[in-house]
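Engineer: Structure: upload15.txt, compact mmCIF, N, CA and C atoms.
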# COMPACT_ATOMS: atom_id res chain seq x y z
N MET A 1 148.69 84.71 86.65
CA MET A 1 149.57 85.69 86.05
C MET A 1 150.61 86.07 87.08
N SER A 2 151.85 86.15 86.66
CA SER A 2 152.93 86.47 87.60
C SER A 2 152.85 87.94 88.01
N ALA A 3 153.46 88.23 89.15
CA ALA A 3 153.45 89.60 89.67
C ALA A 3 154.18 90.55 88.72
N SER A 4 155.28 90.09 88.11
CA SER A 4 156.03 90.97 87.21
C SER A 4 155.22 91.26 85.95
N LYS A 5 154.48 90.26 85.45
CA LYS A 5 153.66 90.46 84.27
C LYS A 5 152.52 91.43 84.59
N SER A 6 151.89 91.29 85.76
CA SER A 6 150.82 92.20 86.17
C SER A 6 151.35 93.63 86.31
N TRP A 7 152.53 93.76 86.88
CA TRP A 7 153.15 95.07 87.07
C TRP A 7 153.43 95.71 85.70
N PHE A 8 153.93 94.92 84.74
CA PHE A 8 154.23 95.42 83.41
C PHE A 8 152.95 95.90 82.72
N ILE A 9 151.87 95.14 82.81
CA ILE A 9 150.60 95.52 82.20
C ILE A 9 150.07 96.80 82.83
N ALA A 10 150.17 96.91 84.16
CA ALA A 10 149.70 98.12 84.85
C ALA A 10 150.50 99.33 84.39
N LEU A 11 151.83 99.19 84.26
CA LEU A 11 152.65 100.31 83.79
C LEU A 11 152.32 100.68 82.35
N ALA A 12 152.09 99.67 81.52
CA ALA A 12 151.75 99.93 80.12
C ALA A 12 150.43 100.69 80.03
N LEU A 13 149.43 100.28 80.80
CA LEU A 13 148.15 100.98 80.79
C LEU A 13 148.29 102.40 81.31
N LEU A 14 149.04 102.57 82.39
CA LEU A 14 149.25 103.90 82.94
C LEU A 14 149.97 104.79 81.93
N GLY A 15 150.97 104.23 81.27
CA GLY A 15 151.70 104.99 80.27
C GLY A 15 150.82 105.40 79.10
N SER A 16 149.95 104.49 78.67
CA SER A 16 149.08 104.83 77.54
C SER A 16 148.07 105.90 77.94
N VAL A 17 147.55 105.84 79.15
CA VAL A 17 146.61 106.86 79.63
C VAL A 17 147.32 108.19 79.77
N ALA A 18 148.52 108.19 80.33
CA ALA A 18 149.28 109.43 80.48
C ALA A 18 149.64 109.99 79.12
N GLY A 19 149.98 109.12 78.17
CA GLY A 19 150.33 109.56 76.83
C GLY A 19 149.15 110.21 76.14
N VAL A 20 147.97 109.69 76.35
CA VAL A 20 146.78 110.27 75.74
C VAL A 20 146.50 111.63 76.35
N ALA A 21 146.71 111.76 77.63
CA ALA A 21 146.43 113.03 78.30
C ALA A 21 147.41 114.11 77.86
N CYS A 22 148.66 113.73 77.55
CA CYS A 22 149.68 114.72 77.21
C CYS A 22 149.76 114.99 75.71
N ALA A 23 149.48 113.99 74.89
CA ALA A 23 149.61 114.15 73.45
C ALA A 23 148.31 114.71 72.87
N PRO A 24 148.44 115.53 71.82
CA PRO A 24 147.22 116.02 71.20
C PRO A 24 146.46 114.86 70.55
N MET A 25 145.16 114.94 70.60
CA MET A 25 144.33 113.89 69.99
C MET A 25 144.41 114.02 68.48
N PRO A 26 144.56 112.90 67.79
CA PRO A 26 144.59 112.99 66.33
C PRO A 26 143.21 113.43 65.81
N SER A 27 143.25 114.25 64.75
CA SER A 27 141.98 114.71 64.20
C SER A 27 141.35 113.59 63.37
N PRO A 28 140.04 113.56 63.32
CA PRO A 28 139.40 112.53 62.49
C PRO A 28 139.70 112.80 61.02
N THR A 29 139.48 111.80 60.22
CA THR A 29 139.73 111.95 58.79
C THR A 29 138.91 113.11 58.26
N TRP A 30 139.56 113.97 57.53
CA TRP A 30 138.89 115.14 56.97
C TRP A 30 137.96 114.72 55.85
N LEU A 31 138.47 114.02 54.88
CA LEU A 31 137.69 113.52 53.77
C LEU A 31 138.32 112.21 53.34
N ALA A 32 137.57 111.15 53.42
CA ALA A 32 138.11 109.82 53.13
C ALA A 32 138.43 109.68 51.65
N ALA A 33 139.41 108.86 51.37
CA ALA A 33 139.73 108.53 49.98
C ALA A 33 138.55 107.78 49.39
N GLY A 34 138.27 108.02 48.12
CA GLY A 34 137.21 107.28 47.47
C GLY A 34 136.58 108.05 46.33
N CYS A 35 135.50 107.48 45.82
CA CYS A 35 134.76 108.03 44.69
C CYS A 35 133.61 108.88 45.20
N TYR A 36 133.47 110.07 44.63
CA TYR A 36 132.40 110.98 45.03
C TYR A 36 131.56 111.37 43.81
N ASN A 37 130.26 111.27 43.99
CA ASN A 37 129.31 111.59 42.94
C ASN A 37 128.63 112.91 43.28
N SER A 38 128.09 113.56 42.28
CA SER A 38 127.38 114.82 42.48
C SER A 38 125.91 114.64 42.12
N PRO A 39 125.01 115.31 42.84
CA PRO A 39 123.60 115.28 42.44
C PRO A 39 123.34 116.16 41.21
N VAL A 40 124.33 116.95 40.81
CA VAL A 40 124.19 117.80 39.64
C VAL A 40 124.25 116.93 38.38
N ALA A 41 123.27 117.08 37.50
CA ALA A 41 123.21 116.25 36.29
C ALA A 41 124.48 116.38 35.46
N ASP A 42 124.99 115.24 35.04
CA ASP A 42 126.17 115.13 34.17
C ASP A 42 127.47 115.62 34.79
N ALA A 43 127.48 115.93 36.07
CA ALA A 43 128.75 116.29 36.73
C ALA A 43 129.58 115.02 36.87
N PRO A 44 130.87 115.09 36.60
CA PRO A 44 131.68 113.87 36.65
C PRO A 44 131.91 113.40 38.08
N ASP A 45 132.13 112.09 38.21
CA ASP A 45 132.57 111.55 39.50
C ASP A 45 134.00 112.02 39.74
N PHE A 46 134.33 112.23 40.99
CA PHE A 46 135.71 112.54 41.36
C PHE A 46 136.23 111.46 42.28
N ARG A 47 137.45 111.00 42.04
CA ARG A 47 138.13 110.09 42.95
C ARG A 47 139.18 110.91 43.71
N PHE A 48 139.03 110.92 45.04
CA PHE A 48 139.95 111.66 45.90
C PHE A 48 140.93 110.68 46.52
N SER A 49 142.21 111.05 46.53
CA SER A 49 143.26 110.18 47.05
C SER A 49 143.23 110.05 48.57
N GLY A 50 142.60 110.99 49.25
CA GLY A 50 142.56 110.98 50.71
C GLY A 50 143.55 111.94 51.35
N THR A 51 144.42 112.55 50.54
CA THR A 51 145.42 113.48 51.06
C THR A 51 145.23 114.85 50.41
N PRO A 52 144.81 115.86 51.21
CA PRO A 52 144.65 117.19 50.63
C PRO A 52 145.99 117.86 50.37
N ASN A 53 145.95 118.91 49.58
CA ASN A 53 147.12 119.77 49.33
C ASN A 53 148.24 119.06 48.59
N VAL A 54 147.88 118.10 47.73
CA VAL A 54 148.86 117.37 46.92
C VAL A 54 148.41 117.47 45.47
N PRO A 55 149.27 117.94 44.58
CA PRO A 55 148.86 118.06 43.17
C PRO A 55 148.35 116.74 42.61
N GLY A 56 147.24 116.82 41.87
CA GLY A 56 146.69 115.66 41.20
C GLY A 56 145.94 114.69 42.10
N ASN A 57 145.54 115.13 43.30
CA ASN A 57 144.88 114.23 44.25
C ASN A 57 143.40 114.00 43.95
N LEU A 58 142.88 114.63 42.92
CA LEU A 58 141.48 114.52 42.54
C LEU A 58 141.42 114.21 41.05
N THR A 59 140.86 113.06 40.70
CA THR A 59 140.87 112.64 39.30
C THR A 59 139.47 112.29 38.81
N VAL A 60 139.31 112.30 37.51
CA VAL A 60 138.10 111.85 36.84
C VAL A 60 138.48 110.65 35.98
N ALA A 61 137.49 109.87 35.57
CA ALA A 61 137.75 108.71 34.73
C ALA A 61 136.88 108.78 33.48
N ILE A 62 137.41 108.25 32.39
CA ILE A 62 136.68 108.26 31.13
C ILE A 62 136.42 106.83 30.66
N ASP A 63 135.22 106.62 30.15
CA ASP A 63 134.86 105.34 29.54
C ASP A 63 135.34 105.41 28.09
N ILE A 64 136.33 104.60 27.76
CA ILE A 64 136.94 104.64 26.44
C ILE A 64 135.94 104.28 25.34
N SER A 65 135.00 103.39 25.62
CA SER A 65 134.06 102.95 24.58
C SER A 65 133.08 104.05 24.17
N THR A 66 132.77 104.96 25.11
CA THR A 66 131.81 106.02 24.80
C THR A 66 132.43 107.42 24.85
N PHE A 67 133.67 107.50 25.29
CA PHE A 67 134.35 108.78 25.47
C PHE A 67 133.56 109.75 26.35
N THR A 68 132.98 109.19 27.42
CA THR A 68 132.25 110.01 28.39
C THR A 68 132.89 109.83 29.76
N LEU A 69 132.77 110.87 30.56
CA LEU A 69 133.29 110.80 31.93
C LEU A 69 132.32 110.02 32.80
N SER A 70 132.87 109.28 33.74
CA SER A 70 132.05 108.56 34.70
C SER A 70 131.24 109.57 35.51
N SER A 71 129.93 109.34 35.59
CA SER A 71 129.08 110.27 36.34
C SER A 71 127.97 109.53 37.10
N ASP A 72 128.21 108.23 37.36
CA ASP A 72 127.19 107.44 38.03
C ASP A 72 127.59 107.00 39.44
N GLY A 73 128.64 107.62 39.98
CA GLY A 73 129.08 107.30 41.34
C GLY A 73 130.02 106.12 41.43
N THR A 74 130.51 105.62 40.29
CA THR A 74 131.40 104.45 40.30
C THR A 74 132.87 104.80 40.03
N CYS A 75 133.11 105.96 39.45
CA CYS A 75 134.47 106.34 39.03
C CYS A 75 135.05 105.31 38.07
N SER A 76 134.17 104.65 37.31
CA SER A 76 134.62 103.60 36.41
C SER A 76 135.26 104.20 35.16
N GLY A 77 136.13 103.44 34.57
CA GLY A 77 136.81 103.87 33.37
C GLY A 77 138.28 104.10 33.62
N LEU A 78 138.91 104.73 32.69
CA LEU A 78 140.35 105.00 32.74
C LEU A 78 140.58 106.34 33.45
N PRO A 79 141.30 106.33 34.59
CA PRO A 79 141.58 107.60 35.27
C PRO A 79 142.45 108.50 34.38
N LEU A 80 142.08 109.74 34.30
CA LEU A 80 142.83 110.69 33.49
C LEU A 80 143.90 111.37 34.34
N GLY A 81 145.09 111.47 33.81
CA GLY A 81 146.20 112.14 34.49
C GLY A 81 146.32 113.57 34.01
N GLU A 82 147.48 114.15 34.25
CA GLU A 82 147.75 115.52 33.82
C GLU A 82 147.52 115.65 32.33
N PRO A 83 146.96 116.70 31.83
CA PRO A 83 146.53 117.89 32.55
C PRO A 83 145.07 117.81 33.01
N TYR A 84 144.52 116.60 33.05
CA TYR A 84 143.10 116.45 33.38
C TYR A 84 142.84 116.06 34.83
N SER A 85 143.87 116.00 35.64
CA SER A 85 143.65 115.76 37.06
C SER A 85 143.53 117.11 37.76
N PHE A 86 142.99 117.08 38.95
CA PHE A 86 142.75 118.31 39.71
C PHE A 86 143.45 118.22 41.05
N THR A 87 143.48 119.34 41.75
CA THR A 87 144.11 119.38 43.06
C THR A 87 143.12 119.93 44.07
N LEU A 88 142.86 119.14 45.12
CA LEU A 88 141.96 119.54 46.19
C LEU A 88 142.80 120.02 47.37
N VAL A 89 142.51 121.22 47.84
CA VAL A 89 143.22 121.76 48.99
C VAL A 89 142.22 122.02 50.12
N ARG A 90 142.75 122.05 51.31
CA ARG A 90 141.94 122.35 52.48
C ARG A 90 142.31 123.73 52.98
N ALA A 91 141.31 124.63 53.04
CA ALA A 91 141.58 126.01 53.46
C ALA A 91 140.29 126.62 54.01
N ASP A 92 140.45 127.58 54.91
CA ASP A 92 139.29 128.21 55.55
C ASP A 92 138.49 129.12 54.62
N ASP A 93 139.17 129.74 53.65
CA ASP A 93 138.48 130.66 52.76
C ASP A 93 139.22 130.74 51.42
N ALA A 94 138.64 131.50 50.49
CA ALA A 94 139.21 131.59 49.15
C ALA A 94 140.65 132.12 49.13
N PRO A 95 140.96 133.21 49.87
CA PRO A 95 142.35 133.68 49.84
C PRO A 95 143.35 132.63 50.36
N ALA A 96 142.97 131.91 51.41
CA ALA A 96 143.85 130.87 51.93
C ALA A 96 144.00 129.73 50.92
N ALA A 97 142.91 129.40 50.25
CA ALA A 97 142.96 128.35 49.22
C ALA A 97 143.85 128.79 48.06
N GLU A 98 143.70 130.03 47.64
CA GLU A 98 144.54 130.54 46.55
C GLU A 98 146.02 130.50 46.92
N LEU A 99 146.33 130.81 48.17
CA LEU A 99 147.71 130.75 48.62
C LEU A 99 148.24 129.31 48.59
N ARG A 100 147.42 128.37 49.07
CA ARG A 100 147.84 126.96 49.03
C ARG A 100 148.07 126.50 47.60
N CYS A 101 147.15 126.86 46.72
CA CYS A 101 147.28 126.46 45.31
C CYS A 101 148.53 127.09 44.70
N SER A 102 148.73 128.35 44.99
CA SER A 102 149.91 129.05 44.46
C SER A 102 151.20 128.39 44.93
N THR A 103 151.22 127.98 46.20
CA THR A 103 152.38 127.29 46.75
C THR A 103 152.66 126.00 45.98
N LEU A 104 151.61 125.38 45.44
CA LEU A 104 151.74 124.14 44.67
C LEU A 104 152.01 124.41 43.19
N GLY A 105 152.15 125.70 42.83
CA GLY A 105 152.42 126.05 41.44
C GLY A 105 151.17 126.17 40.59
N LEU A 106 150.01 126.27 41.22
CA LEU A 106 148.74 126.38 40.51
C LEU A 106 148.16 127.77 40.78
N ASP A 107 148.40 128.70 39.88
CA ASP A 107 148.05 130.10 40.10
C ASP A 107 146.84 130.57 39.30
N ASN A 108 145.90 129.69 39.00
CA ASN A 108 144.77 130.08 38.17
C ASN A 108 143.47 130.22 38.93
N GLY A 109 143.53 130.46 40.22
CA GLY A 109 142.32 130.65 41.02
C GLY A 109 141.81 129.35 41.61
N VAL A 110 140.71 129.47 42.34
CA VAL A 110 140.14 128.32 43.04
C VAL A 110 138.63 128.32 42.90
N GLY A 111 138.04 127.18 43.18
CA GLY A 111 136.60 127.05 43.22
C GLY A 111 136.22 126.20 44.41
N GLN A 112 135.11 126.53 45.05
CA GLN A 112 134.66 125.73 46.18
C GLN A 112 133.80 124.58 45.66
N ILE A 113 134.19 123.37 45.96
CA ILE A 113 133.58 122.18 45.37
C ILE A 113 132.29 121.76 46.07
N ALA A 114 132.09 122.17 47.31
CA ALA A 114 130.95 121.70 48.09
C ALA A 114 129.60 122.09 47.49
N ALA A 115 129.55 123.13 46.68
CA ALA A 115 128.28 123.55 46.09
C ALA A 115 127.72 122.47 45.16
N ASP A 116 128.59 121.84 44.38
CA ASP A 116 128.16 120.80 43.45
C ASP A 116 128.35 119.39 44.00
N TYR A 117 129.18 119.25 45.01
CA TYR A 117 129.46 117.95 45.61
C TYR A 117 129.26 118.06 47.12
N PRO A 118 128.03 117.90 47.60
CA PRO A 118 127.74 118.13 49.01
C PRO A 118 128.48 117.20 49.97
N SER A 119 129.04 116.11 49.47
CA SER A 119 129.82 115.23 50.35
C SER A 119 131.15 115.84 50.75
N PHE A 120 131.58 116.87 50.02
CA PHE A 120 132.84 117.53 50.34
C PHE A 120 132.60 118.58 51.41
N PRO A 121 133.53 118.73 52.35
CA PRO A 121 133.34 119.75 53.40
C PRO A 121 133.48 121.17 52.83
N ALA A 122 132.98 122.13 53.58
CA ALA A 122 132.99 123.53 53.14
C ALA A 122 134.41 124.08 52.98
N ASP A 123 135.39 123.48 53.65
CA ASP A 123 136.76 123.97 53.53
C ASP A 123 137.56 123.22 52.45
N ALA A 124 136.83 122.57 51.52
CA ALA A 124 137.47 121.90 50.39
C ALA A 124 137.41 122.81 49.17
N TRP A 125 138.55 123.05 48.57
CA TRP A 125 138.66 123.93 47.41
C TRP A 125 139.43 123.21 46.31
N VAL A 126 139.07 123.49 45.07
CA VAL A 126 139.78 122.92 43.94
C VAL A 126 140.61 124.01 43.29
N CYS A 127 141.88 123.71 43.11
CA CYS A 127 142.76 124.63 42.38
C CYS A 127 142.41 124.52 40.90
N ASN A 128 142.19 125.64 40.26
CA ASN A 128 141.93 125.60 38.82
C ASN A 128 143.19 125.14 38.11
N PRO A 129 143.05 124.19 37.21
CA PRO A 129 144.24 123.68 36.51
C PRO A 129 144.81 124.72 35.57
N PRO A 130 146.08 124.58 35.23
CA PRO A 130 146.67 125.53 34.28
C PRO A 130 146.03 125.35 32.90
N PRO A 131 146.04 126.38 32.10
CA PRO A 131 145.46 126.26 30.76
C PRO A 131 146.25 125.24 29.94
N VAL A 132 145.53 124.50 29.10
CA VAL A 132 146.17 123.53 28.22
C VAL A 132 146.57 124.24 26.95
N ASP A 133 147.85 124.15 26.63
CA ASP A 133 148.35 124.83 25.41
C ASP A 133 148.10 124.01 24.18
Can the structure in the file be given as structure tokens, please?
Structural biologist:
Amino acid sequence: MSASKSWFIALALLGSVAGVACAPMPSPTWLAAGCYNSPVADAPDFRFSGTPNVPGNLTVAIDISTFTLSSDGTCSGLPLGEPYSFTLVRADDAPAAELRCSTLGLDNGVGQIAADYPSFPADAWVCNPPPVD
């Protein structure tokens, strides 16, 4: 290996180490995108997009042949859109969750999802959808 190539590699390594020391460490994934099942009987599966605080990031799916919601951990069927999609926000407590939901135009209160879906973290809240007219 040439001296200039070795020097370049050494500088690159030094720069990456210095960059790690100065830059904040990225946080681990809060909640991965995917299908989530509940141990609660007949509770629907939820598919999370992987991005909190975005309207419609939590959906359910319906089996058209039986007109039942997927509840076996597969999220199989036709994903339902508005007004049947939900919004998952990340917040420390109910008032903070209500504020996040309100900011997104969802002013009907919140519910903590972790009670029925233990795979969700304690700071995961669902914005109650607007009433269907």
Engineer: Would you mind telling me which residue in A:Leu58, A:Ser70, A:Ser65, A:Ser76 lies nearest to A:Trp125 when using only C-alpha atoms?
Structural biologist: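 Closest residue, counting only C-alpha atoms: A:Leu58.
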Engineer: Quick one: pull the distance between atom CA of A:Ala91 and atom CA of A:Asp42, Å, one decimal.
Structural biologist: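 Calculated distance between atom CA of A:Ala91 and atom CA of A:Asp42 is 27.0 Å.
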Engineer: For atom N of A:Thr68 and atom N of A:Pro55, determine how far apart the two atoms are, in Å to one decimal place.
Structural biologist: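 Interatomic distance here is 25.2 Å.
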Engineer: Write down as an NGL selection string the residues belonging to stretch 24-63 of chain A that are assigned strand (DSSP E) by DSSP computed on the backbone.
Structural biologist: :A and (34-36 or 46-48 or 58-59 or 61-63)
Engineer: Between A:Leu88, A:Leu31, A:Val60, A:Ala43, which one has atoms that come closest to A:Asp72, using all atoms listed in the file?
Structural biologist: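 Using all atoms listed in the file, A:Asp72 sits closest to A:Ala43.
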Engineer: Measuring between all atoms listed in the file, which one of A:Phe86, A:Cys75, A:Thr59, A:Cys127 shows the shortest distance to A:Arg100?
Structural biologist: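 The shortest atom-to-atom distance to A:Arg100 comes from A:Cys127.
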Engineer: A:Ser119: which residues within 8 Å, counting only N, CA and C atoms, same-chain residues fewer than 6 positions away excluded, as a PyMOL selection string?
Structural biologist: chain A and resi 31+36-39+113
Engineer: One decimal, in Å: what's the spacing between atom CA of A:Tyr117 and atom CA of A:Trp30?
Structural biologist: 15.0 Å
Engineer: Smallest atom-to-atom distance to A:Gly56: which of A:Ser71, A:Ala41, A:Glu82, A:Ala96, using only N, CA and C atoms?
Structural biologist: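 So, comparing all the options, the nearest one is A:Glu82.
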Engineer: Between A:Ala32, A:Val54, A:Val40, A:Leu80, which is the closest to A:Thr103 once you count only C-alpha atoms?
Structural biologist: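 Checking each candidate against A:Thr103, we get A:Val54 as the closest.
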Engineer: Quick one: residues within 8 Å of A:Pro130, only N, CA and C atoms counted, chain neighbours fewer than 5 positions away excluded, as a VMD selection string?
Structural biologist: chain A and resid 83 105 to 108
Engineer: Give me, as a ChimeraX atom specification, all polymer residues having an atom no more than 10 Å from A:Ala97, counting only C-alpha atoms and skipping those fewer than 3 positions away in the same chain.
Structural biologist: /A:53,88-94,100-103,109-112,123-127
Engineer: Among stretch 15-127 of chain A, which ones does DSSP assign to helix (DSSP H, G or I) (computed from the backbone)? Answer as a list in words.
Structural biologist: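 Across stretch 15-127 of chain A, those assigned helix (DSSP H, G or I) are Gly15, Ser16, Val17, Ala18, Gly19, Val20, Ala21, Cys22, Ala94, Pro95, Ala96, Ala97, Glu98, Leu99, Arg100, Cys101, Ser102, Thr103, Ile113, Ala114 and Ala115 of chain A.
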